[in-house]
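One structure is given here, and the rest of the page talks about it.
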Amino acid sequence: MKKTKKRSMAKTPPTPTARRPPATSTDNTGAPGARTGARTLATPVSSNAELFERAQRSIPGGVNSPVRAFRAVGGTPRFIARAQGAYMWDAEGKQYIDYIGSWGPMILGHGHPAVLAAVQKAATEGFSFGAPTEREVELAETILALVPSCEQIRLVSSGTEAAMSAIRLARGATGRSKLIKFEGCYHGHADALLVKAGSGLATFGNPTSAGVPPEVVQHTLVLTYNDIEQLEEAFKIHGPELACVMIEPIAGNMNFVRATVPFMKRIRELCTQHGALLVFDEVMCGFRVALGSAQSLYAQAIPGFAPDVSVFGKVIGGGMPLAAFGASRKIMSLLAPLGPVYQAGTLSGNPVATACGLATLREISQPGFFEALGARTRRLVDGLSAAAADAGVPFVGDCQGGMFGFFFPRNRGEGLPQNYATVMATDQARFNSFFHGLLDRGVYLAPALYEAGFVSAAHSDADIDATVAAARAALQP
Ligand code: PLP
């Protein structure tokens, strides 16, 4: 196995405990030597609590996306001032090893020099034109070269938009209305997807959000992840009316749960048999679990396997607002301006975002990148498992590429959860205290039991070991 290309980015040493910025720092971020010029130590520093209080006056709940408010774990959200490599610094100058990575996009870590240079160059050339550019063609070509199931791709600005458009496309392609999704999978906040299971297989979903009329979700059937029998039953009843089955193949919105190979194989068979499209939502796991995304892993396990439609986001934008959906040329030709399925976007294929995405994809395509990333993520999960075992705490974890998850089962000997209900039955109180124990020690995990974690190429073995040491301390009774 080849080693990943050595990073030239300057790194600060890992620290298992939080640090204040050095006295010589010229800003309040704690980044040694950082000279942003934006603030100096003479500027009064607002605490996280003060910022949160201020934020709540102007922004609902003080945040622009709900999970950031720390409601699931309690406590005060950290307001991030700056990030570099594997680290973030909050408004108080405290340093964290970052395992959120902006919820997935930052696979290279923060401020990767090649990505930064590409973004800076693109920004000087123009922020947005509302006209086609060569760079968006290049990004489309790059994605298509890595994902053989897609012959064409359309770029959009968020995962929500991409998933919503993929469903419209599937409905347009099949002339059918109904769709299957799985409990615990999140596909963004389009109305038709904010839905929980109805009372049985014959009844469709109920909205999970106020403001979503029941009629809008009346075509969405919500099933249990990894339940083959229920899936077969649903197809028996609704098969001829189904436009698509949408799935996160490795679910990252109920922590980290893989679709089993037999389950995926059966979904593919039933979709083909009944003329429904299989839509892979790889917004989170795409280009994160493998260079060919999760579908390449299922294609290795199931001969001839491919989804019909794929949805991407996060990594393909490298931290900028960019997402995409793709399929065969035949299906994609149904989109406007060629076909009758309408879809558009003012900032779609934005020149700065595409520069960021392209530079990111170039780096992750380096030989050995995913082997090295996967090994580092495995080191983390194994280290956490060992720490929990030594503390006598039931623990299970899993990972693929740069994505991981772990659970505190309520009973010793319980395996990895296979669906949303079993994820949510794990020990939430234990997770919350572990989360805060790590946060206090300078390790920033996702602030909710049901979220996955992310390791980047900027995380060193020393960062992982520092994290495991912090976990050992946090797990002490
Ligand atoms: N699909 C999946 C699998 C996601 O994880 C997310 C967001 O986390 C989305 C869709 C929605 O993406 P966005 O937040 O960019 O709208």
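Residue names in the structure tokens use chain letters A, B, ... in the order shown, residue numbers from 1 in each chain, and ligand numbers from 1 in the order shown.
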
Q: Please give me, as number ranges by chain, the residues lying within 8 Å of ligand 1 when counting only C-alpha atoms and all ligand atoms.
A: A: 103, 157-163, 185-189, 248, 251-253, 281-285, 311-314, 321-323

Q: Run DSSP on the backbone of this structure and report the residues of range 177-370 of chain A it assigns to strand (DSSP E), as number ranges by chain.
A: A: 178-182, 195-196, 206-207, 220-223, 242-247, 250-251, 257-258, 277-282, 309-312, 323-327

Take the residues just selected and output them with N, CA and C atoms as a tab-separated table (two decimals), in the first residue's frame.
chain	number	residue	atom	x	y	z
A	178	LYS	N	-45.35	7.41	-5.94
A	178	LYS	CA	-45.00	6.90	-4.61
A	178	LYS	C	-43.50	6.61	-4.47
A	179	LEU	N	-43.03	6.77	-3.26
A	179	LEU	CA	-41.62	6.46	-3.00
A	179	LEU	C	-41.46	5.82	-1.64
A	180	ILE	N	-40.38	5.05	-1.53
A	180	ILE	CA	-40.02	4.44	-0.24
A	180	ILE	C	-38.78	5.13	0.28
A	181	LYS	N	-38.82	5.48	1.58
A	181	LYS	CA	-37.59	5.88	2.27
A	181	LYS	C	-37.51	5.07	3.56
A	182	PHE	N	-36.39	5.20	4.27
A	182	PHE	CA	-36.19	4.38	5.46
A	182	PHE	C	-36.06	5.26	6.70
A	195	VAL	N	-40.81	13.02	6.90
A	195	VAL	CA	-41.93	12.11	7.11
A	195	VAL	C	-41.50	10.96	8.00
A	196	LYS	N	-42.44	10.55	8.86
A	196	LYS	CA	-42.18	9.35	9.67
A	196	LYS	C	-43.21	8.28	9.29
A	206	ASN	N	-46.50	10.20	7.97
A	206	ASN	CA	-47.00	11.40	8.63
A	206	ASN	C	-45.88	12.44	8.65
A	207	PRO	N	-46.23	13.72	8.46
A	207	PRO	CA	-45.17	14.74	8.46
A	207	PRO	C	-44.44	14.78	9.80
A	220	THR	N	-45.27	9.04	0.40
A	220	THR	CA	-43.99	8.57	0.95
A	220	THR	C	-44.21	7.46	1.96
A	221	LEU	N	-43.68	6.29	1.67
A	221	LEU	CA	-43.79	5.15	2.58
A	221	LEU	C	-42.47	5.01	3.34
A	222	VAL	N	-42.56	4.94	4.66
A	222	VAL	CA	-41.33	4.87	5.47
A	222	VAL	C	-41.18	3.46	6.04
A	223	LEU	N	-40.06	2.83	5.71
A	223	LEU	CA	-39.82	1.45	6.15
A	223	LEU	C	-38.63	1.38	7.10
A	242	LEU	N	-44.65	2.49	-7.44
A	242	LEU	CA	-43.45	3.10	-6.84
A	242	LEU	C	-42.54	3.74	-7.89
A	243	ALA	N	-42.26	5.03	-7.68
A	243	ALA	CA	-41.30	5.72	-8.55
A	243	ALA	C	-39.87	5.36	-8.16
A	244	CYS	N	-39.63	5.29	-6.85
A	244	CYS	CA	-38.25	5.03	-6.42
A	244	CYS	C	-38.16	4.56	-4.98
A	245	VAL	N	-37.01	3.98	-4.69
A	245	VAL	CA	-36.60	3.72	-3.31
A	245	VAL	C	-35.39	4.60	-3.07
A	246	MET	N	-35.46	5.44	-2.04
A	246	MET	CA	-34.32	6.31	-1.74
A	246	MET	C	-33.66	5.82	-0.46
A	247	ILE	N	-32.34	5.71	-0.50
A	247	ILE	CA	-31.63	5.17	0.67
A	247	ILE	C	-30.26	5.81	0.84
A	250	ILE	N	-24.83	3.87	3.34
A	250	ILE	CA	-24.25	3.82	4.68
A	250	ILE	C	-24.85	5.03	5.38
A	251	ALA	N	-25.76	4.76	6.28
A	251	ALA	CA	-26.52	5.86	6.88
A	251	ALA	C	-25.66	6.60	7.89
A	257	VAL	N	-24.72	3.40	10.29
A	257	VAL	CA	-25.35	2.09	10.11
A	257	VAL	C	-25.26	1.72	8.64
A	258	ARG	N	-24.70	0.55	8.38
A	258	ARG	CA	-24.58	0.08	6.99
A	258	ARG	C	-25.84	-0.67	6.59
A	277	LEU	N	-37.02	3.17	-9.56
A	277	LEU	CA	-35.60	3.54	-9.61
A	277	LEU	C	-34.99	3.43	-8.22
A	278	LEU	N	-33.75	3.00	-8.18
A	278	LEU	CA	-33.02	2.97	-6.91
A	278	LEU	C	-32.17	4.25	-6.82
A	279	VAL	N	-32.51	5.07	-5.84
A	279	VAL	CA	-31.82	6.36	-5.67
A	279	VAL	C	-30.90	6.26	-4.46
A	280	PHE	N	-29.61	6.40	-4.71
A	280	PHE	CA	-28.60	6.37	-3.64
A	280	PHE	C	-28.35	7.80	-3.17
A	281	ASP	N	-28.66	8.08	-1.92
A	281	ASP	CA	-28.31	9.39	-1.37
A	281	ASP	C	-26.92	9.25	-0.75
A	282	GLU	N	-25.93	9.71	-1.50
A	282	GLU	CA	-24.53	9.64	-1.03
A	282	GLU	C	-24.02	11.03	-0.66
A	309	VAL	N	-30.00	6.33	-9.76
A	309	VAL	CA	-29.78	7.77	-9.59
A	309	VAL	C	-28.90	7.93	-8.35
A	310	SER	N	-27.96	8.87	-8.40
A	310	SER	CA	-27.09	9.11	-7.24
A	310	SER	C	-27.14	10.58	-6.86
A	311	VAL	N	-27.05	10.81	-5.54
A	311	VAL	CA	-27.09	12.17	-5.02
A	311	VAL	C	-25.81	12.39	-4.22
A	312	PHE	N	-25.13	13.50	-4.52
A	312	PHE	CA	-23.87	13.79	-3.83
A	312	PHE	C	-23.92	15.20	-3.23
A	323	ALA	N	-23.61	20.59	-4.42
A	323	ALA	CA	-24.11	19.22	-4.40
A	323	ALA	C	-24.46	18.85	-5.83
A	324	ALA	N	-24.92	17.62	-6.03
A	324	ALA	CA	-25.15	17.17	-7.40
A	324	ALA	C	-26.05	15.95	-7.41
A	325	PHE	N	-26.70	15.72	-8.52
A	325	PHE	CA	-27.39	14.43	-8.72
A	325	PHE	C	-27.12	13.97	-10.15
A	326	GLY	N	-26.97	12.64	-10.28
A	326	GLY	CA	-26.59	12.10	-11.59
A	326	GLY	C	-27.26	10.78	-11.85
A	327	ALA	N	-27.25	10.37	-13.12
A	327	ALA	CA	-27.87	9.10	-13.53
A	327	ALA	C	-27.40	8.79	-14.94

As a PDB file with all heavy atoms, in the first residue's frame, please: all residues of range 132-185 of chain A that backbone DSSP puts in alpha helix (DSSP H).
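What follows is the written file part_29.pdb:
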ATOM      1  N   GLU A 134     -16.070  26.610 -17.806  1.00  0.00           N
ATOM      2  CA  GLU A 134     -15.322  25.381 -18.085  1.00  0.00           C
ATOM      3  C   GLU A 134     -15.141  24.563 -16.812  1.00  0.00           C
ATOM      4  O   GLU A 134     -15.145  23.342 -16.826  1.00  0.00           O
ATOM      5  CB  GLU A 134     -13.958  25.735 -18.694  1.00  0.00           C
ATOM      6  CG  GLU A 134     -13.188  24.492 -19.124  1.00  0.00           C
ATOM      7  CD  GLU A 134     -11.886  24.825 -19.843  1.00  0.00           C
ATOM      8  OE1 GLU A 134     -11.630  26.016 -20.108  1.00  0.00           O
ATOM      9  OE2 GLU A 134     -11.131  23.879 -20.126  1.00  0.00           O
ATOM     10  N   ARG A 135     -15.004  25.305 -15.681  1.00  0.00           N
ATOM     11  CA  ARG A 135     -14.696  24.595 -14.431  1.00  0.00           C
ATOM     12  C   ARG A 135     -15.838  23.661 -14.013  1.00  0.00           C
ATOM     13  O   ARG A 135     -15.615  22.592 -13.463  1.00  0.00           O
ATOM     14  CB  ARG A 135     -14.392  25.597 -13.322  1.00  0.00           C
ATOM     15  CG  ARG A 135     -13.592  24.985 -12.194  1.00  0.00           C
ATOM     16  CD  ARG A 135     -13.176  26.000 -11.167  1.00  0.00           C
ATOM     17  NE  ARG A 135     -12.315  27.028 -11.703  1.00  0.00           N
ATOM     18  CZ  ARG A 135     -12.539  28.336 -11.566  1.00  0.00           C
ATOM     19  NH1 ARG A 135     -13.589  28.769 -10.905  1.00  0.00           N
ATOM     20  NH2 ARG A 135     -11.699  29.205 -12.057  1.00  0.00           N
ATOM     21  N   GLU A 136     -17.083  24.071 -14.264  1.00  0.00           N
ATOM     22  CA  GLU A 136     -18.184  23.176 -13.868  1.00  0.00           C
ATOM     23  C   GLU A 136     -18.208  21.929 -14.758  1.00  0.00           C
ATOM     24  O   GLU A 136     -18.571  20.840 -14.297  1.00  0.00           O
ATOM     25  CB  GLU A 136     -19.530  23.900 -13.817  1.00  0.00           C
ATOM     26  CG  GLU A 136     -19.975  24.552 -15.080  1.00  0.00           C
ATOM     27  CD  GLU A 136     -21.105  25.582 -14.854  1.00  0.00           C
ATOM     28  OE1 GLU A 136     -22.144  25.210 -14.325  1.00  0.00           O
ATOM     29  OE2 GLU A 136     -20.910  26.755 -15.236  1.00  0.00           O
ATOM     30  N   VAL A 137     -17.782  22.085 -16.004  1.00  0.00           N
ATOM     31  CA  VAL A 137     -17.691  20.911 -16.897  1.00  0.00           C
ATOM     32  C   VAL A 137     -16.614  19.972 -16.364  1.00  0.00           C
ATOM     33  O   VAL A 137     -16.789  18.751 -16.286  1.00  0.00           O
ATOM     34  CB  VAL A 137     -17.348  21.349 -18.347  1.00  0.00           C
ATOM     35  CG1 VAL A 137     -17.283  20.134 -19.270  1.00  0.00           C
ATOM     36  CG2 VAL A 137     -18.353  22.362 -18.859  1.00  0.00           C
ATOM     37  N   GLU A 138     -15.518  20.587 -15.941  1.00  0.00           N
ATOM     38  CA  GLU A 138     -14.395  19.798 -15.419  1.00  0.00           C
ATOM     39  C   GLU A 138     -14.801  19.032 -14.152  1.00  0.00           C
ATOM     40  O   GLU A 138     -14.456  17.863 -13.976  1.00  0.00           O
ATOM     41  CB  GLU A 138     -13.237  20.758 -15.103  1.00  0.00           C
ATOM     42  CG  GLU A 138     -11.871  20.137 -15.274  1.00  0.00           C
ATOM     43  CD  GLU A 138     -10.777  21.120 -14.873  1.00  0.00           C
ATOM     44  OE1 GLU A 138     -10.939  22.353 -15.103  1.00  0.00           O
ATOM     45  OE2 GLU A 138      -9.790  20.676 -14.296  1.00  0.00           O
ATOM     46  N   LEU A 139     -15.561  19.717 -13.284  1.00  0.00           N
ATOM     47  CA  LEU A 139     -16.008  19.035 -12.062  1.00  0.00           C
ATOM     48  C   LEU A 139     -16.970  17.898 -12.412  1.00  0.00           C
ATOM     49  O   LEU A 139     -16.852  16.793 -11.870  1.00  0.00           O
ATOM     50  CB  LEU A 139     -16.671  20.026 -11.090  1.00  0.00           C
ATOM     51  CG  LEU A 139     -17.163  19.403  -9.778  1.00  0.00           C
ATOM     52  CD1 LEU A 139     -16.031  18.742  -8.999  1.00  0.00           C
ATOM     53  CD2 LEU A 139     -17.855  20.444  -8.896  1.00  0.00           C
ATOM     54  N   ALA A 140     -17.891  18.169 -13.325  1.00  0.00           N
ATOM     55  CA  ALA A 140     -18.826  17.107 -13.751  1.00  0.00           C
ATOM     56  C   ALA A 140     -18.036  15.920 -14.309  1.00  0.00           C
ATOM     57  O   ALA A 140     -18.290  14.763 -13.937  1.00  0.00           O
ATOM     58  CB  ALA A 140     -19.792  17.647 -14.792  1.00  0.00           C
ATOM     59  N   GLU A 141     -17.061  16.195 -15.159  1.00  0.00           N
ATOM     60  CA  GLU A 141     -16.264  15.111 -15.761  1.00  0.00           C
ATOM     61  C   GLU A 141     -15.497  14.335 -14.678  1.00  0.00           C
ATOM     62  O   GLU A 141     -15.385  13.105 -14.741  1.00  0.00           O
ATOM     63  CB  GLU A 141     -15.280  15.681 -16.783  1.00  0.00           C
ATOM     64  CG  GLU A 141     -15.954  16.174 -18.060  1.00  0.00           C
ATOM     65  CD  GLU A 141     -15.037  17.021 -18.960  1.00  0.00           C
ATOM     66  OE1 GLU A 141     -13.907  17.379 -18.525  1.00  0.00           O
ATOM     67  OE2 GLU A 141     -15.471  17.341 -20.071  1.00  0.00           O
ATOM     68  N   THR A 142     -14.988  15.064 -13.707  1.00  0.00           N
ATOM     69  CA  THR A 142     -14.214  14.416 -12.631  1.00  0.00           C
ATOM     70  C   THR A 142     -15.103  13.483 -11.818  1.00  0.00           C
ATOM     71  O   THR A 142     -14.732  12.342 -11.505  1.00  0.00           O
ATOM     72  CB  THR A 142     -13.579  15.487 -11.716  1.00  0.00           C
ATOM     73  OG1 THR A 142     -12.795  16.350 -12.530  1.00  0.00           O
ATOM     74  CG2 THR A 142     -12.723  14.873 -10.633  1.00  0.00           C
ATOM     75  N   ILE A 143     -16.305  13.947 -11.476  1.00  0.00           N
ATOM     76  CA  ILE A 143     -17.223  13.112 -10.689  1.00  0.00           C
ATOM     77  C   ILE A 143     -17.629  11.884 -11.516  1.00  0.00           C
ATOM     78  O   ILE A 143     -17.605  10.747 -11.023  1.00  0.00           O
ATOM     79  CB  ILE A 143     -18.474  13.915 -10.255  1.00  0.00           C
ATOM     80  CG1 ILE A 143     -18.078  15.042  -9.293  1.00  0.00           C
ATOM     81  CG2 ILE A 143     -19.514  13.002  -9.608  1.00  0.00           C
ATOM     82  CD1 ILE A 143     -19.186  16.030  -8.983  1.00  0.00           C
ATOM     83  N   LEU A 144     -17.972  12.105 -12.769  1.00  0.00           N
ATOM     84  CA  LEU A 144     -18.427  10.987 -13.618  1.00  0.00           C
ATOM     85  C   LEU A 144     -17.335   9.932 -13.790  1.00  0.00           C
ATOM     86  O   LEU A 144     -17.621   8.732 -13.829  1.00  0.00           O
ATOM     87  CB  LEU A 144     -18.880  11.512 -14.989  1.00  0.00           C
ATOM     88  CG  LEU A 144     -20.118  12.430 -14.967  1.00  0.00           C
ATOM     89  CD1 LEU A 144     -20.430  12.945 -16.369  1.00  0.00           C
ATOM     90  CD2 LEU A 144     -21.330  11.730 -14.378  1.00  0.00           C
ATOM     91  N   ALA A 145     -16.083  10.379 -13.864  1.00  0.00           N
ATOM     92  CA  ALA A 145     -14.975   9.422 -14.022  1.00  0.00           C
ATOM     93  C   ALA A 145     -14.842   8.527 -12.790  1.00  0.00           C
ATOM     94  O   ALA A 145     -14.352   7.401 -12.880  1.00  0.00           O
ATOM     95  CB  ALA A 145     -13.675  10.185 -14.256  1.00  0.00           C
ATOM     96  N   LEU A 146     -15.295   9.026 -11.646  1.00  0.00           N
ATOM     97  CA  LEU A 146     -15.163   8.255 -10.405  1.00  0.00           C
ATOM     98  C   LEU A 146     -16.404   7.415 -10.093  1.00  0.00           C
ATOM     99  O   LEU A 146     -16.376   6.531  -9.242  1.00  0.00           O
ATOM    100  CB  LEU A 146     -14.871   9.198  -9.230  1.00  0.00           C
ATOM    101  CG  LEU A 146     -13.528   9.955  -9.308  1.00  0.00           C
ATOM    102  CD1 LEU A 146     -13.439  11.022  -8.226  1.00  0.00           C
ATOM    103  CD2 LEU A 146     -12.362   8.978  -9.196  1.00  0.00           C
ATOM    104  N   GLY A 159     -27.425  19.626  -0.517  1.00  0.00           N
ATOM    105  CA  GLY A 159     -27.876  18.234  -0.564  1.00  0.00           C
ATOM    106  C   GLY A 159     -29.389  18.143  -0.609  1.00  0.00           C
ATOM    107  O   GLY A 159     -29.951  17.273  -1.279  1.00  0.00           O
ATOM    108  N   THR A 160     -30.047  19.033   0.098  1.00  0.00           N
ATOM    109  CA  THR A 160     -31.515  19.067   0.087  1.00  0.00           C
ATOM    110  C   THR A 160     -32.030  19.252  -1.334  1.00  0.00           C
ATOM    111  O   THR A 160     -32.924  18.532  -1.795  1.00  0.00           O
ATOM    112  CB  THR A 160     -32.021  20.235   0.966  1.00  0.00           C
ATOM    113  OG1 THR A 160     -31.682  19.963   2.316  1.00  0.00           O
ATOM    114  CG2 THR A 160     -33.519  20.440   0.840  1.00  0.00           C
ATOM    115  N   GLU A 161     -31.435  20.220  -2.005  1.00  0.00           N
ATOM    116  CA  GLU A 161     -31.847  20.522  -3.377  1.00  0.00           C
ATOM    117  C   GLU A 161     -31.590  19.318  -4.293  1.00  0.00           C
ATOM    118  O   GLU A 161     -32.427  18.982  -5.145  1.00  0.00           O
ATOM    119  CB  GLU A 161     -30.980  21.704  -3.834  1.00  0.00           C
ATOM    120  CG  GLU A 161     -31.593  22.628  -4.809  1.00  0.00           C
ATOM    121  CD  GLU A 161     -30.553  23.659  -5.273  1.00  0.00           C
ATOM    122  OE1 GLU A 161     -29.625  24.012  -4.503  1.00  0.00           O
ATOM    123  OE2 GLU A 161     -30.681  24.102  -6.413  1.00  0.00           O
ATOM    124  N   ALA A 162     -30.448  18.688  -4.120  1.00  0.00           N
ATOM    125  CA  ALA A 162     -30.091  17.545  -4.973  1.00  0.00           C
ATOM    126  C   ALA A 162     -31.041  16.376  -4.743  1.00  0.00           C
ATOM    127  O   ALA A 162     -31.520  15.760  -5.695  1.00  0.00           O
ATOM    128  CB  ALA A 162     -28.642  17.124  -4.693  1.00  0.00           C
ATOM    129  N   ALA A 163     -31.353  16.079  -3.471  1.00  0.00           N
ATOM    130  CA  ALA A 163     -32.239  14.949  -3.162  1.00  0.00           C
ATOM    131  C   ALA A 163     -33.659  15.226  -3.660  1.00  0.00           C
ATOM    132  O   ALA A 163     -34.321  14.351  -4.230  1.00  0.00           O
ATOM    133  CB  ALA A 163     -32.243  14.686  -1.655  1.00  0.00           C
ATOM    134  N   MET A 164     -34.106  16.457  -3.452  1.00  0.00           N
ATOM    135  CA  MET A 164     -35.445  16.853  -3.900  1.00  0.00           C
ATOM    136  C   MET A 164     -35.544  16.726  -5.429  1.00  0.00           C
ATOM    137  O   MET A 164     -36.525  16.205  -5.966  1.00  0.00           O
ATOM    138  CB  MET A 164     -35.671  18.298  -3.472  1.00  0.00           C
ATOM    139  CG  MET A 164     -36.992  18.883  -3.832  1.00  0.00           C
ATOM    140  SD  MET A 164     -37.003  20.641  -3.398  1.00  0.00           S
ATOM    141  CE  MET A 164     -36.033  21.334  -4.726  1.00  0.00           C
ATOM    142  N   SER A 165     -34.502  17.170  -6.109  1.00  0.00           N
ATOM    143  CA  SER A 165     -34.505  17.118  -7.580  1.00  0.00           C
ATOM    144  C   SER A 165     -34.432  15.678  -8.071  1.00  0.00           C
ATOM    145  O   SER A 165     -35.046  15.328  -9.087  1.00  0.00           O
ATOM    146  CB  SER A 165     -33.315  17.904  -8.140  1.00  0.00           C
ATOM    147  OG  SER A 165     -33.338  19.221  -7.657  1.00  0.00           O
ATOM    148  N   ALA A 166     -33.686  14.827  -7.347  1.00  0.00           N
ATOM    149  CA  ALA A 166     -33.569  13.418  -7.742  1.00  0.00           C
ATOM    150  C   ALA A 166     -34.934  12.742  -7.675  1.00  0.00           C
ATOM    151  O   ALA A 166     -35.278  11.918  -8.515  1.00  0.00           O
ATOM    152  CB  ALA A 166     -32.570  12.702  -6.834  1.00  0.00           C
ATOM    153  N   ILE A 167     -35.714  13.101  -6.675  1.00  0.00           N
ATOM    154  CA  ILE A 167     -37.049  12.503  -6.549  1.00  0.00           C
ATOM    155  C   ILE A 167     -37.963  13.001  -7.665  1.00  0.00           C
ATOM    156  O   ILE A 167     -38.718  12.225  -8.264  1.00  0.00           O
ATOM    157  CB  ILE A 167     -37.614  12.804  -5.156  1.00  0.00           C
ATOM    158  CG1 ILE A 167     -36.911  11.866  -4.194  1.00  0.00           C
ATOM    159  CG2 ILE A 167     -39.118  12.600  -5.110  1.00  0.00           C
ATOM    160  CD1 ILE A 167     -37.297  12.018  -2.801  1.00  0.00           C
ATOM    161  N   ARG A 168     -37.871  14.275  -7.949  1.00  0.00           N
ATOM    162  CA  ARG A 168     -38.688  14.793  -9.059  1.00  0.00           C
ATOM    163  C   ARG A 168     -38.319  14.077 -10.363  1.00  0.00           C
ATOM    164  O   ARG A 168     -39.179  13.703 -11.167  1.00  0.00           O
ATOM    165  CB  ARG A 168     -38.481  16.306  -9.212  1.00  0.00           C
ATOM    166  CG  ARG A 168     -39.455  16.910 -10.225  1.00  0.00           C
ATOM    167  CD  ARG A 168     -39.289  18.417 -10.336  1.00  0.00           C
ATOM    168  NE  ARG A 168     -39.434  19.054  -9.050  1.00  0.00           N
ATOM    169  CZ  ARG A 168     -38.755  20.141  -8.660  1.00  0.00           C
ATOM    170  NH1 ARG A 168     -37.895  20.720  -9.466  1.00  0.00           N
ATOM    171  NH2 ARG A 168     -38.939  20.665  -7.472  1.00  0.00           N
ATOM    172  N   LEU A 169     -37.029  13.867 -10.538  1.00  0.00           N
ATOM    173  CA  LEU A 169     -36.552  13.180 -11.739  1.00  0.00           C
ATOM    174  C   LEU A 169     -37.072  11.736 -11.780  1.00  0.00           C
ATOM    175  O   LEU A 169     -37.538  11.261 -12.824  1.00  0.00           O
ATOM    176  CB  LEU A 169     -35.018  13.198 -11.746  1.00  0.00           C
ATOM    177  CG  LEU A 169     -34.309  12.572 -12.936  1.00  0.00           C
ATOM    178  CD1 LEU A 169     -34.701  13.253 -14.240  1.00  0.00           C
ATOM    179  CD2 LEU A 169     -32.781  12.662 -12.735  1.00  0.00           C
ATOM    180  N   ALA A 170     -37.011  11.050 -10.641  1.00  0.00           N
ATOM    181  CA  ALA A 170     -37.485   9.655 -10.588  1.00  0.00           C
ATOM    182  C   ALA A 170     -38.982   9.595 -10.888  1.00  0.00           C
ATOM    183  O   ALA A 170     -39.455   8.706 -11.596  1.00  0.00           O
ATOM    184  CB  ALA A 170     -37.189   9.058  -9.212  1.00  0.00           C
ATOM    185  N   ARG A 171     -39.714  10.558 -10.356  1.00  0.00           N
ATOM    186  CA  ARG A 171     -41.165  10.585 -10.624  1.00  0.00           C
ATOM    187  C   ARG A 171     -41.426  10.915 -12.095  1.00  0.00           C
ATOM    188  O   ARG A 171     -42.298  10.328 -12.731  1.00  0.00           O
ATOM    189  CB  ARG A 171     -41.836  11.606  -9.708  1.00  0.00           C
ATOM    190  CG  ARG A 171     -41.953  11.091  -8.280  1.00  0.00           C
ATOM    191  CD  ARG A 171     -42.450  12.159  -7.332  1.00  0.00           C
ATOM    192  NE  ARG A 171     -42.932  11.587  -6.078  1.00  0.00           N
ATOM    193  CZ  ARG A 171     -43.139  12.281  -4.966  1.00  0.00           C
ATOM    194  NH1 ARG A 171     -42.910  13.580  -4.945  1.00  0.00           N
ATOM    195  NH2 ARG A 171     -43.583  11.673  -3.879  1.00  0.00           N
ATOM    196  N   GLY A 172     -40.633  11.850 -12.613  1.00  0.00           N
ATOM    197  CA  GLY A 172     -40.795  12.212 -14.024  1.00  0.00           C
ATOM    198  C   GLY A 172     -40.444  11.047 -14.943  1.00  0.00           C
ATOM    199  O   GLY A 172     -41.099  10.815 -15.959  1.00  0.00           O
ATOM    200  N   ALA A 173     -39.418  10.297 -14.568  1.00  0.00           N
ATOM    201  CA  ALA A 173     -38.944   9.195 -15.415  1.00  0.00           C
ATOM    202  C   ALA A 173     -39.917   8.026 -15.418  1.00  0.00           C
ATOM    203  O   ALA A 173     -40.068   7.334 -16.423  1.00  0.00           O
ATOM    204  CB  ALA A 173     -37.568   8.724 -14.933  1.00  0.00           C
ATOM    205  N   THR A 174     -40.576   7.793 -14.272  1.00  0.00           N
ATOM    206  CA  THR A 174     -41.436   6.611 -14.167  1.00  0.00           C
ATOM    207  C   THR A 174     -42.920   6.943 -14.375  1.00  0.00           C
ATOM    208  O   THR A 174     -43.727   6.029 -14.580  1.00  0.00           O
ATOM    209  CB  THR A 174     -41.293   5.969 -12.764  1.00  0.00           C
ATOM    210  OG1 THR A 174     -41.588   6.983 -11.784  1.00  0.00           O
ATOM    211  CG2 THR A 174     -39.905   5.424 -12.537  1.00  0.00           C
TER     212      THR A 174
END

**Q.** Non-local contacts of Asp98 in chain A (6 Å; only C-alpha atoms; under 2 positions in same chain excluded) as a ChimeraX atom specification
**A.** /A:86-87,96,100,444

Q: Pick out the closest residue to Ala457 in chain A from this set: A:Phe204, A:Phe370, A:Phe287, A:Tyr342. Count only C-alpha atoms.
A: A:Phe370

Q) Restricting the calculation to only C-alpha atoms, which member of A:Ser47, A:Thr346, A:Asn64, A:Thr124 is positioned closest to Glu92 in chain A? A) A:Ser47

Q: Excluding Met106 in chain A and any residue of its chain fewer than 3 positions from it, enumerate the residues within 7 Å of it, using only C-alpha atoms, and give them as a VMD selection string.
A: chain A and resid 101 to 102 109 to 110 315 318 to 319 456

Filtering to C-alpha atoms, could you give me those residues as a PDB file, in the first residue's frame?
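File produced: out21.pdb:
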ATOM      1  CA  GLY A 101     -15.409  18.421   9.643  1.00  0.00           C
ATOM      2  CA  SER A 102     -18.392  20.659   8.811  1.00  0.00           C
ATOM      3  CA  GLY A 109      -8.950  19.002   7.046  1.00  0.00           C
ATOM      4  CA  HIS A 110      -9.303  22.760   7.236  1.00  0.00           C
ATOM      5  CA  VAL A 315     -17.039  16.297  -0.095  1.00  0.00           C
ATOM      6  CA  GLY A 318     -14.905  20.668  -0.156  1.00  0.00           C
ATOM      7  CA  GLY A 319     -16.744  22.961   2.298  1.00  0.00           C
ATOM      8  CA  SER A 456      -9.779  13.887   7.829  1.00  0.00           C
TER       9      SER A 456
END

Q: Identify, on the basis of only C-alpha atoms, every residue whose closest approach to Thr467 in chain A does not exceed 8 Å; exclude the query and any residue fewer than 2 positions from it along the same chain; express the result as a count of residues only.
A: 11

Q: Have a look at A:Phe70, A:Phe404, A:Phe79, A:Phe52 and name the one nearest to His436 in chain A; count only C-alpha atoms.
A: A:Phe70

Q.
Ranking A:Ala72, A:Ala425, A:Ala387, A:Val115 by minimum distance to Gly317 in chain A and counting only C-alpha atoms, which one comes first?
A. A:Val115
